[in-house]
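> So here's final_2.cif, just mmCIF, C-alpha atoms and all ligand atoms:
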```cif
data_input
#
loop_
_atom_site.label_atom_id
_atom_site.label_comp_id
_atom_site.auth_asym_id
_atom_site.auth_seq_id
_atom_site.Cartn_x
_atom_site.Cartn_y
_atom_site.Cartn_z
CA MET A 46 34.79 3.45 5.48
CA LEU A 47 33.89 1.32 2.48
CA CYS A 48 30.45 -0.20 1.96
CA ILE A 49 30.03 -3.50 3.83
CA TYR A 50 28.20 -5.01 0.86
CA CYS A 51 30.25 -4.19 -2.22
CA LYS A 52 33.51 -3.15 -0.48
CA GLU A 53 34.00 -0.60 -3.23
CA GLY A 54 31.75 2.39 -2.74
CA GLU A 55 32.20 4.98 -0.03
CA ALA A 56 29.75 4.20 2.79
CA ASP A 57 27.95 7.51 2.70
CA ALA A 58 24.32 6.40 2.49
CA ARG A 59 21.78 7.21 5.17
CA GLU A 60 20.05 3.87 5.59
CA HIS A 61 16.57 3.58 7.06
CA TYR A 62 16.92 0.41 9.05
CA LEU A 63 13.26 0.84 9.99
CA PRO A 64 11.60 1.06 6.57
CA GLN A 65 10.09 4.43 5.84
CA CYS A 66 6.93 2.77 4.61
CA LEU A 67 6.14 1.80 8.21
CA GLY A 68 5.80 5.44 9.12
CA ARG A 69 7.80 8.02 11.01
CA PHE A 70 9.58 6.93 14.15
CA GLU A 71 10.26 9.36 16.94
CA ASN A 72 13.91 10.36 17.33
CA PHE A 73 14.86 8.18 14.40
CA GLU A 74 18.46 8.45 13.27
CA PRO A 75 19.44 6.56 10.12
CA LEU A 76 22.26 4.05 9.98
CA ARG A 77 25.38 5.78 8.64
CA ASP A 78 28.84 4.74 7.48
CA ARG A 79 27.87 1.22 6.48
CA LEU A 80 26.41 1.27 2.96
CA CYS A 81 27.20 3.06 -0.27
CA ASN A 82 24.38 4.83 -2.07
CA ALA A 83 24.34 2.29 -4.90
CA CYS A 84 23.85 -0.71 -2.58
CA ASN A 85 21.36 1.20 -0.46
CA HIS A 86 19.34 2.04 -3.53
CA ALA A 87 19.57 -1.49 -4.93
CA ILE A 88 18.31 -3.03 -1.69
CA GLY A 89 15.62 -0.40 -1.28
CA SER A 90 14.22 -0.64 -4.79
CA THR A 91 13.90 -4.41 -4.83
CA VAL A 92 14.01 -6.10 -1.45
CA GLU A 93 12.46 -3.41 0.67
CA ARG A 94 9.98 -2.41 -1.99
CA GLU A 95 8.40 -5.84 -1.82
CA PHE A 96 8.31 -5.71 1.96
CA CYS A 97 6.47 -2.40 1.81
CA ARG A 98 4.00 -3.28 -0.90
CA LYS A 99 3.30 -6.96 -0.86
CA SER A 100 3.59 -8.48 2.56
CA PRO A 101 1.65 -8.94 5.77
CA GLU A 102 3.15 -5.63 6.82
CA ALA A 103 1.81 -3.96 3.69
CA VAL A 104 -1.69 -5.03 4.64
CA LEU A 105 -1.28 -3.77 8.21
CA ARG A 106 0.16 -0.58 6.84
CA SER A 107 -2.88 -0.16 4.73
CA THR A 108 -5.39 -0.85 7.49
CA ASN A 109 -3.56 1.56 9.75
CA TRP A 110 -3.50 4.09 6.98
CA ILE A 111 0.21 4.65 7.11
CA LYS A 112 1.26 6.68 4.15
CA GLY A 113 4.44 5.46 2.57
CA GLN A 114 6.92 7.01 0.27
CA ASN A 115 5.76 7.81 -3.18
CA ALA A 116 9.15 7.35 -4.81
CA GLY A 117 9.11 11.05 -5.62
CA LYS A 118 6.43 10.60 -8.25
CA LYS A 119 3.54 12.94 -7.82
CA ASN A 120 -0.02 11.77 -8.39
CA ARG A 121 1.08 8.19 -8.39
CA LYS A 122 -0.37 6.13 -5.61
CA ALA A 123 1.58 3.10 -4.49
CA GLN A 124 -0.34 -0.02 -5.43
CA ILE A 125 -0.25 -2.38 -2.51
CA TYR A 126 -2.42 -5.07 -4.00
CA GLN A 127 -1.27 -4.97 -7.59
CA PRO A 128 2.42 -4.20 -7.30
CA GLU A 129 4.29 -3.74 -10.53
CA ASN A 130 7.03 -6.15 -11.46
CA ILE A 131 6.36 -8.42 -8.54
CA GLY A 132 5.14 -11.93 -9.15
CA GLY A 133 2.97 -14.14 -7.01
CA ARG A 134 -0.59 -13.81 -5.94
CA HIS A 135 -2.05 -10.64 -4.57
CA LEU A 136 -2.73 -10.30 -0.90
CA TYR A 137 -6.24 -10.34 0.44
CA PHE A 138 -7.86 -10.45 3.82
CA LEU A 139 -9.67 -13.63 4.69
CA ALA A 140 -12.31 -12.91 7.29
CA PRO A 141 -15.84 -14.00 8.14
CA ASP A 142 -18.72 -12.39 6.39
CA PRO A 143 -20.71 -10.74 9.24
CA GLU A 144 -23.99 -11.97 7.76
CA SER A 145 -23.36 -15.60 6.86
CA GLY A 146 -20.27 -16.30 8.97
CA ILE A 147 -18.59 -17.84 5.93
CA ASP A 148 -14.99 -16.79 5.38
CA ILE A 149 -14.67 -14.58 2.32
CA LEU A 150 -11.96 -12.40 0.81
CA TRP A 151 -11.81 -8.71 1.54
CA GLN A 152 -9.73 -5.77 0.50
CA THR A 153 -9.21 -2.40 2.11
CA ASP A 154 -11.72 0.27 1.27
CA THR A 155 -11.12 3.95 0.74
CA LYS A 156 -11.85 5.01 4.31
CA PRO A 157 -9.20 4.29 6.94
CA GLY A 158 -9.69 1.02 8.77
CA THR A 159 -12.56 -0.21 6.62
CA VAL A 160 -12.76 -3.12 4.24
CA LYS A 161 -15.00 -4.19 1.40
CA GLU A 162 -15.61 -7.50 -0.28
CA ILE A 163 -13.85 -8.34 -3.50
CA SER A 164 -15.59 -10.05 -6.40
CA GLN A 165 -15.03 -13.74 -5.85
CA ILE A 166 -16.28 -17.28 -6.08
CA VAL A 167 -16.38 -19.13 -2.79
CA ILE A 168 -16.42 -22.91 -3.10
CA LEU A 169 -18.32 -24.55 -0.27
CA ASN A 170 -18.25 -28.10 1.02
CA ALA A 171 -21.30 -30.08 2.09
CA GLN A 172 -21.21 -28.40 5.49
CA ASP A 173 -21.23 -24.96 3.86
CA ASN A 174 -17.69 -24.21 4.94
CA ALA A 175 -15.53 -22.27 2.50
CA VAL A 176 -12.89 -24.56 1.02
CA GLU A 177 -11.56 -22.38 -1.78
CA HIS A 178 -11.70 -18.73 -2.78
CA ILE A 179 -11.26 -17.67 -6.37
CA PRO A 180 -10.95 -13.93 -6.85
CA ILE A 181 -12.42 -12.60 -10.08
CA PRO A 182 -9.73 -10.15 -11.20
CA THR A 183 -10.94 -6.88 -12.65
CA GLU A 184 -9.03 -7.59 -15.88
CA ILE A 185 -11.46 -10.41 -16.69
CA LYS A 186 -14.05 -9.07 -19.09
CA THR A 187 -15.36 -11.99 -21.12
CA GLY A 188 -17.04 -15.30 -20.45
CA ARG A 189 -14.15 -17.13 -22.13
CA GLU A 190 -11.62 -15.59 -19.75
CA GLN A 191 -13.96 -16.45 -16.92
CA SER A 192 -14.09 -20.11 -18.03
CA GLU A 193 -10.29 -20.19 -18.13
CA LEU A 194 -10.18 -18.82 -14.62
CA LEU A 195 -12.60 -21.46 -13.39
CA SER A 196 -10.73 -24.29 -15.10
CA LYS A 197 -7.55 -23.23 -13.33
CA GLY A 198 -9.32 -23.73 -10.04
CA ARG A 199 -11.12 -26.91 -9.17
CA VAL A 200 -14.52 -25.66 -10.23
CA THR A 201 -15.51 -28.06 -12.97
CA ALA A 202 -18.12 -30.30 -11.40
CA SER A 203 -21.62 -29.07 -11.96
CA ASN A 204 -22.69 -30.18 -8.51
CA VAL A 205 -20.18 -27.99 -6.76
CA LYS A 206 -21.63 -25.54 -4.29
CA ALA A 207 -20.51 -22.03 -4.87
CA LEU A 208 -21.22 -18.60 -3.59
CA ILE A 209 -20.68 -15.75 -6.00
CA ILE A 210 -19.87 -12.39 -4.50
CA ALA A 211 -19.75 -9.20 -6.50
CA ALA A 212 -18.00 -6.25 -4.93
CA SER A 213 -20.15 -3.15 -4.74
CA GLY A 214 -19.86 -1.34 -8.03
CA ASP A 215 -18.80 -4.54 -9.80
CA GLU A 216 -22.17 -6.33 -9.92
CA GLU A 217 -22.87 -5.73 -13.59
CA ARG A 218 -19.54 -7.13 -14.79
CA VAL A 219 -19.77 -10.22 -12.63
CA GLN A 220 -23.34 -10.93 -13.65
CA THR A 221 -22.46 -10.56 -17.32
CA LEU A 222 -19.51 -12.92 -16.96
CA PHE A 223 -21.63 -15.68 -15.51
CA ALA A 224 -24.47 -15.13 -17.97
CA GLU A 225 -22.00 -15.55 -20.85
CA ILE A 226 -21.00 -18.98 -19.67
CA ASN A 227 -24.61 -19.91 -19.01
CA GLN A 228 -24.15 -20.07 -15.31
CA SER A 229 -26.91 -18.72 -13.27
CA VAL A 230 -25.81 -18.45 -9.71
CA PRO A 231 -27.59 -16.52 -7.02
CA MET A 232 -25.63 -13.39 -6.38
CA GLN A 233 -24.86 -12.50 -2.81
CA ARG A 234 -24.33 -8.92 -1.86
CA ARG A 235 -22.38 -8.05 1.19
CA LYS A 236 -21.92 -4.94 3.23
CA GLY A 237 -18.45 -3.69 4.03
CA GLY A 238 -17.38 -2.28 7.34
CA SER A 239 -15.05 -3.53 9.97
CA VAL A 240 -14.58 -7.25 10.42
CA PRO A 241 -14.10 -8.94 13.78
CA ARG A 242 -10.69 -10.32 12.93
CA GLN A 243 -8.43 -9.73 10.03
CA PHE A 244 -6.43 -12.50 8.56
CA PHE A 245 -5.20 -12.61 5.07
CA THR A 246 -3.74 -15.07 2.64
CA GLY A 247 -1.09 -14.50 0.08
CA GLU A 248 2.28 -15.43 -1.18
CA VAL A 249 5.58 -13.70 -0.67
CA THR A 250 8.80 -14.22 -2.57
CA ALA A 251 12.41 -14.42 -1.41
CA PHE A 252 12.61 -10.61 -1.54
CA TYR A 253 10.35 -10.47 1.46
CA PHE A 254 12.61 -12.68 3.57
CA ARG A 255 15.67 -10.74 2.45
CA ALA A 256 13.94 -7.57 3.64
CA LEU A 257 13.24 -9.09 7.05
CA ALA A 258 16.88 -10.17 7.32
CA LYS A 259 18.03 -6.69 6.32
CA ILE A 260 15.86 -5.01 8.93
CA GLY A 261 17.16 -7.28 11.68
CA PHE A 262 20.79 -6.98 10.56
CA HIS A 263 20.81 -3.22 10.16
CA TYR A 264 18.96 -2.73 13.41
CA ALA A 265 21.72 -4.69 15.13
CA LEU A 266 24.38 -2.61 13.35
CA LYS A 267 22.75 0.56 14.56
CA PHE A 268 22.56 -0.43 18.22
CA ILE A 269 25.45 -2.83 18.83
CA PRO A 270 28.56 -0.66 18.70
CA THR A 271 31.01 -3.57 18.81
CA ILE A 272 30.11 -4.85 15.33
CA THR A 273 30.54 -3.11 12.00
CA GLY A 274 28.76 -5.62 9.77
CA ASP A 275 31.94 -6.01 7.76
CA GLU A 276 33.06 -9.08 9.74
CA GLY A 277 33.55 -12.35 7.90
CA ALA A 278 30.91 -14.05 10.03
CA PHE A 279 28.28 -11.86 8.38
CA ARG A 280 29.35 -12.65 4.82
CA PRO A 281 26.57 -15.22 4.18
CA LEU A 282 23.98 -12.85 5.63
CA ARG A 283 25.21 -9.92 3.52
CA ASN A 284 25.18 -12.13 0.47
CA PHE A 285 21.63 -13.24 1.19
CA ILE A 286 20.38 -9.66 1.66
CA ARG A 287 22.23 -8.08 -1.25
CA ASN A 288 22.29 -10.93 -3.79
CA GLY A 289 19.68 -13.42 -2.67
CA VAL A 290 22.25 -16.17 -2.17
CA GLY A 291 21.27 -18.84 0.36
CA ASP A 292 18.08 -19.91 1.97
CA ALA A 293 15.88 -17.81 4.23
CA SER A 294 15.76 -20.56 6.87
CA GLN A 295 19.50 -20.04 7.51
CA PHE A 296 18.80 -16.55 8.78
CA LEU A 297 15.18 -16.36 9.90
CA SER A 298 12.85 -18.37 12.08
CA SER A 299 9.09 -18.24 12.23
CA CYS A 300 7.12 -16.77 15.06
CA ASP A 301 4.80 -19.46 16.40
CA PRO A 302 2.30 -17.31 18.32
CA ALA A 303 1.20 -15.69 15.06
CA SER A 304 -0.10 -19.03 13.86
CA SER A 305 -2.68 -19.22 16.62
CA SER A 306 -6.05 -17.86 15.70
CA ALA A 307 -6.95 -17.76 19.37
CA GLY A 308 -4.64 -15.01 20.50
CA PRO A 309 -2.61 -12.13 19.22
CA PRO A 310 1.13 -12.52 18.74
CA GLY A 311 3.58 -10.53 20.80
CA HIS A 312 3.86 -7.85 18.18
CA ARG A 313 1.42 -6.68 15.59
CA LEU A 314 4.03 -7.02 12.90
CA THR A 315 4.59 -10.72 13.44
CA ALA A 316 3.50 -13.31 10.96
CA LEU A 317 4.00 -17.00 10.38
CA ALA A 318 5.60 -17.59 7.02
CA PRO A 319 6.13 -21.31 6.39
CA GLN A 320 8.35 -22.42 3.54
CA ALA A 321 5.33 -23.88 1.80
CA GLY A 322 1.82 -22.55 2.00
CA ASP A 323 0.22 -19.31 2.93
CA ILE A 324 1.61 -16.79 5.34
CA VAL A 325 -0.55 -16.12 8.36
CA GLY A 326 -0.55 -12.70 9.92
CA ASN A 327 -2.41 -11.52 12.93
CA SER A 328 -3.57 -7.98 13.37
CA SER A 329 -5.78 -8.57 16.39
CA GLY A 330 -6.23 -5.57 18.58
CA LEU A 331 -5.95 -3.04 15.81
ZN ZN B 1 28.01 -0.84 -1.86
#
```
As structure tokens, how would this structure be written, given the file I've shared?


Amino acid sequence: MLCIYCKEGEADAREHYLPQCLGRFENFEPLRDRLCNACNHAIGSTVEREFCRKSPEAVLRSTNWIKGQNAGKKNRKAQIYQPENIGGRHLYFLAPDPESGIDILWQTDTKPGTVKEISQIVILNAQDNAVEHIPIPTEIKTGREQSELLSKGRVTASNVKALIIAASGDEERVQTLFAEINQSVPMQRRKGGSVPRQFFTGEVTAFYFRALAKIGFHYALKFIPTITGDEGAFRPLRNFIRNGVGDASQFLSSCDPASSSAGPPGHRLTALAPQAGDIVGNSSGL
């Protein structure tokens, strides 16, 4: 059989319709006789790569300490939060600080299931609620770069209320940065540990939605014997997955329960991903 995507290559790839980065699945048998190796590799190295490294699932993967593939490169850890060649903002957890109750940004720590604060500026309103979070990337080393960062946000008014948080081990750099721009702000130090709920904010690109479509499509191909995936009705879907043609909303719908902060969604891998704005994932019960 020829590949359902390019119609040229021999369909001899062993496709992991459940991405390997989600872990090992019992009795898993790959999808065969549908994709050629070239298309399988092309989809895996772009579309699925983003799903595995920069997505709500990537964060859950990290908190659950699921080890992913290492692309055959020894001593090279996959960077979930600073993926190479992938645009958009990094993903962070947004969760209450156990001490103050104010929502701050967190990242995973080195021990499984634990988190630590990231260096950040939290902008507060008059009621002391967090209205904006500005991470202080580790690449920022000078006061000038710090000023540029602040001017990109909405932190220009001198009367703005802000909370500065330095991640443990990063205190000296953060203090130096603020001293250089003559800003003296009381530094808050926070303890890591587990947080009561774990939400995160971030931005995904079209690759992410193509990956979701691919997982659903290939799962169907594996378990519904009456379809091959080669049918004309699937042409737009194949084109979306393989070439990014079309709009995600043609093929995917959001999962409403994930948008509720009150209760967990039906599945831990569900997330609400509106066309505009942040994605909201829910990992309650982990
Ligand atoms: Zn192909």

> Report the closest atom pair, with its distance in Å rounded to one decimal, for each residue of chain A that has an atom no farther than 7 Å from ligand ZN 1 (chain B); count all atoms listed in the file, sort by chain and then rising residue number, and write it as a tab-separated table.


```
residue	atom	partner	partner_atom	distance
A:Cys48	CA	B:ZN1	ZN	4.6
A:Ile49	CA	B:ZN1	ZN	6.6
A:Tyr50	CA	B:ZN1	ZN	5.0
A:Cys51	CA	B:ZN1	ZN	4.0
A:Lys52	CA	B:ZN1	ZN	6.1
A:Glu53	CA	B:ZN1	ZN	6.1
A:Gly54	CA	B:ZN1	ZN	5.0
A:Leu80	CA	B:ZN1	ZN	5.5
A:Cys81	CA	B:ZN1	ZN	4.3
A:Asn82	CA	B:ZN1	ZN	6.7
A:Ala83	CA	B:ZN1	ZN	5.7
A:Cys84	CA	B:ZN1	ZN	4.2
```

> Report as a list of chain:residue names all protein, DNA and RNA residues lying within 7 Å of Ile179 in chain A, evaluated on all atoms listed in the file, omitting residues in the same chain fewer than 3 positions from it.

A:Gln165, A:Ile166, A:Val167

> Please compute the CA of Gln228 in chain A-CA of Ser145 in chain A distance, one decimal, in Å.

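Value for the CA of Gln228 in chain A-CA of Ser145 in chain A distance: 22.6 Å.
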
> Show me, as an NGL selection string, the residues that have an atom within 9 Å of Ile149 in chain A when counting all atoms listed in the file, minus same-chain residues fewer than 3 positions from it.

:A and (138-142 or 146 or 162-163 or 165-167 or 175 or 178 or 210)

> Please produce a file of those selected residues containing C-alpha atoms, as a short mmCIF file (atom, residue, chain, number, x, y, z; two decimals), keeping the file's coordinate frame.


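Saved result, again.cif, follows:
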```cif
data_model
loop_
_atom_site.label_atom_id
_atom_site.label_comp_id
_atom_site.auth_asym_id
_atom_site.auth_seq_id
_atom_site.Cartn_x
_atom_site.Cartn_y
_atom_site.Cartn_z
CA PHE A 138 -7.86 -10.45 3.82
CA LEU A 139 -9.67 -13.63 4.69
CA ALA A 140 -12.31 -12.91 7.29
CA PRO A 141 -15.84 -14.00 8.14
CA ASP A 142 -18.72 -12.39 6.39
CA GLY A 146 -20.27 -16.30 8.97
CA GLU A 162 -15.61 -7.50 -0.28
CA ILE A 163 -13.85 -8.34 -3.50
CA GLN A 165 -15.03 -13.74 -5.85
CA ILE A 166 -16.28 -17.28 -6.08
CA VAL A 167 -16.38 -19.13 -2.79
CA ALA A 175 -15.53 -22.27 2.50
CA HIS A 178 -11.70 -18.73 -2.78
CA ILE A 210 -19.87 -12.39 -4.50
#
```

> What's the separation between CA of Lys99 in chain A and CA of Leu266 in chain A, in Å to one decimal place?

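Calculated distance between CA of Lys99 in chain A and CA of Leu266 in chain A is 25.8 Å.
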
> From the list A:Asn85, A:Asn227, A:Ser213, A:Ser196, which residue is nearest Ser164 in chain A when using only C-alpha atoms?

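Smallest distance to Ser164 in chain A is found for A:Ser213.
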
> Pick out the residues sitting within 8 Å of range 276-282 of chain A, and hand them over as an NGL selection string; count all atoms listed in the file, and ignore anything fewer than 4 positions along from it in its own chain.

:A and (258 or 272 or 286 or 290-291 or 296)

> Which value, in Å to one decimal, gives the distance between CA of His86 in chain A and CA of Arg98 in chain A?

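For CA of His86 in chain A relative to CA of Arg98 in chain A, the distance reads 16.4 Å.
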
> Have a look at A:Arg189, A:Lys161, A:Gly274, A:Arg94 and name the one nearest to Arg255 in chain A; count all atoms listed in the file.

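The shortest atom-to-atom distance to Arg255 in chain A comes from A:Arg94.
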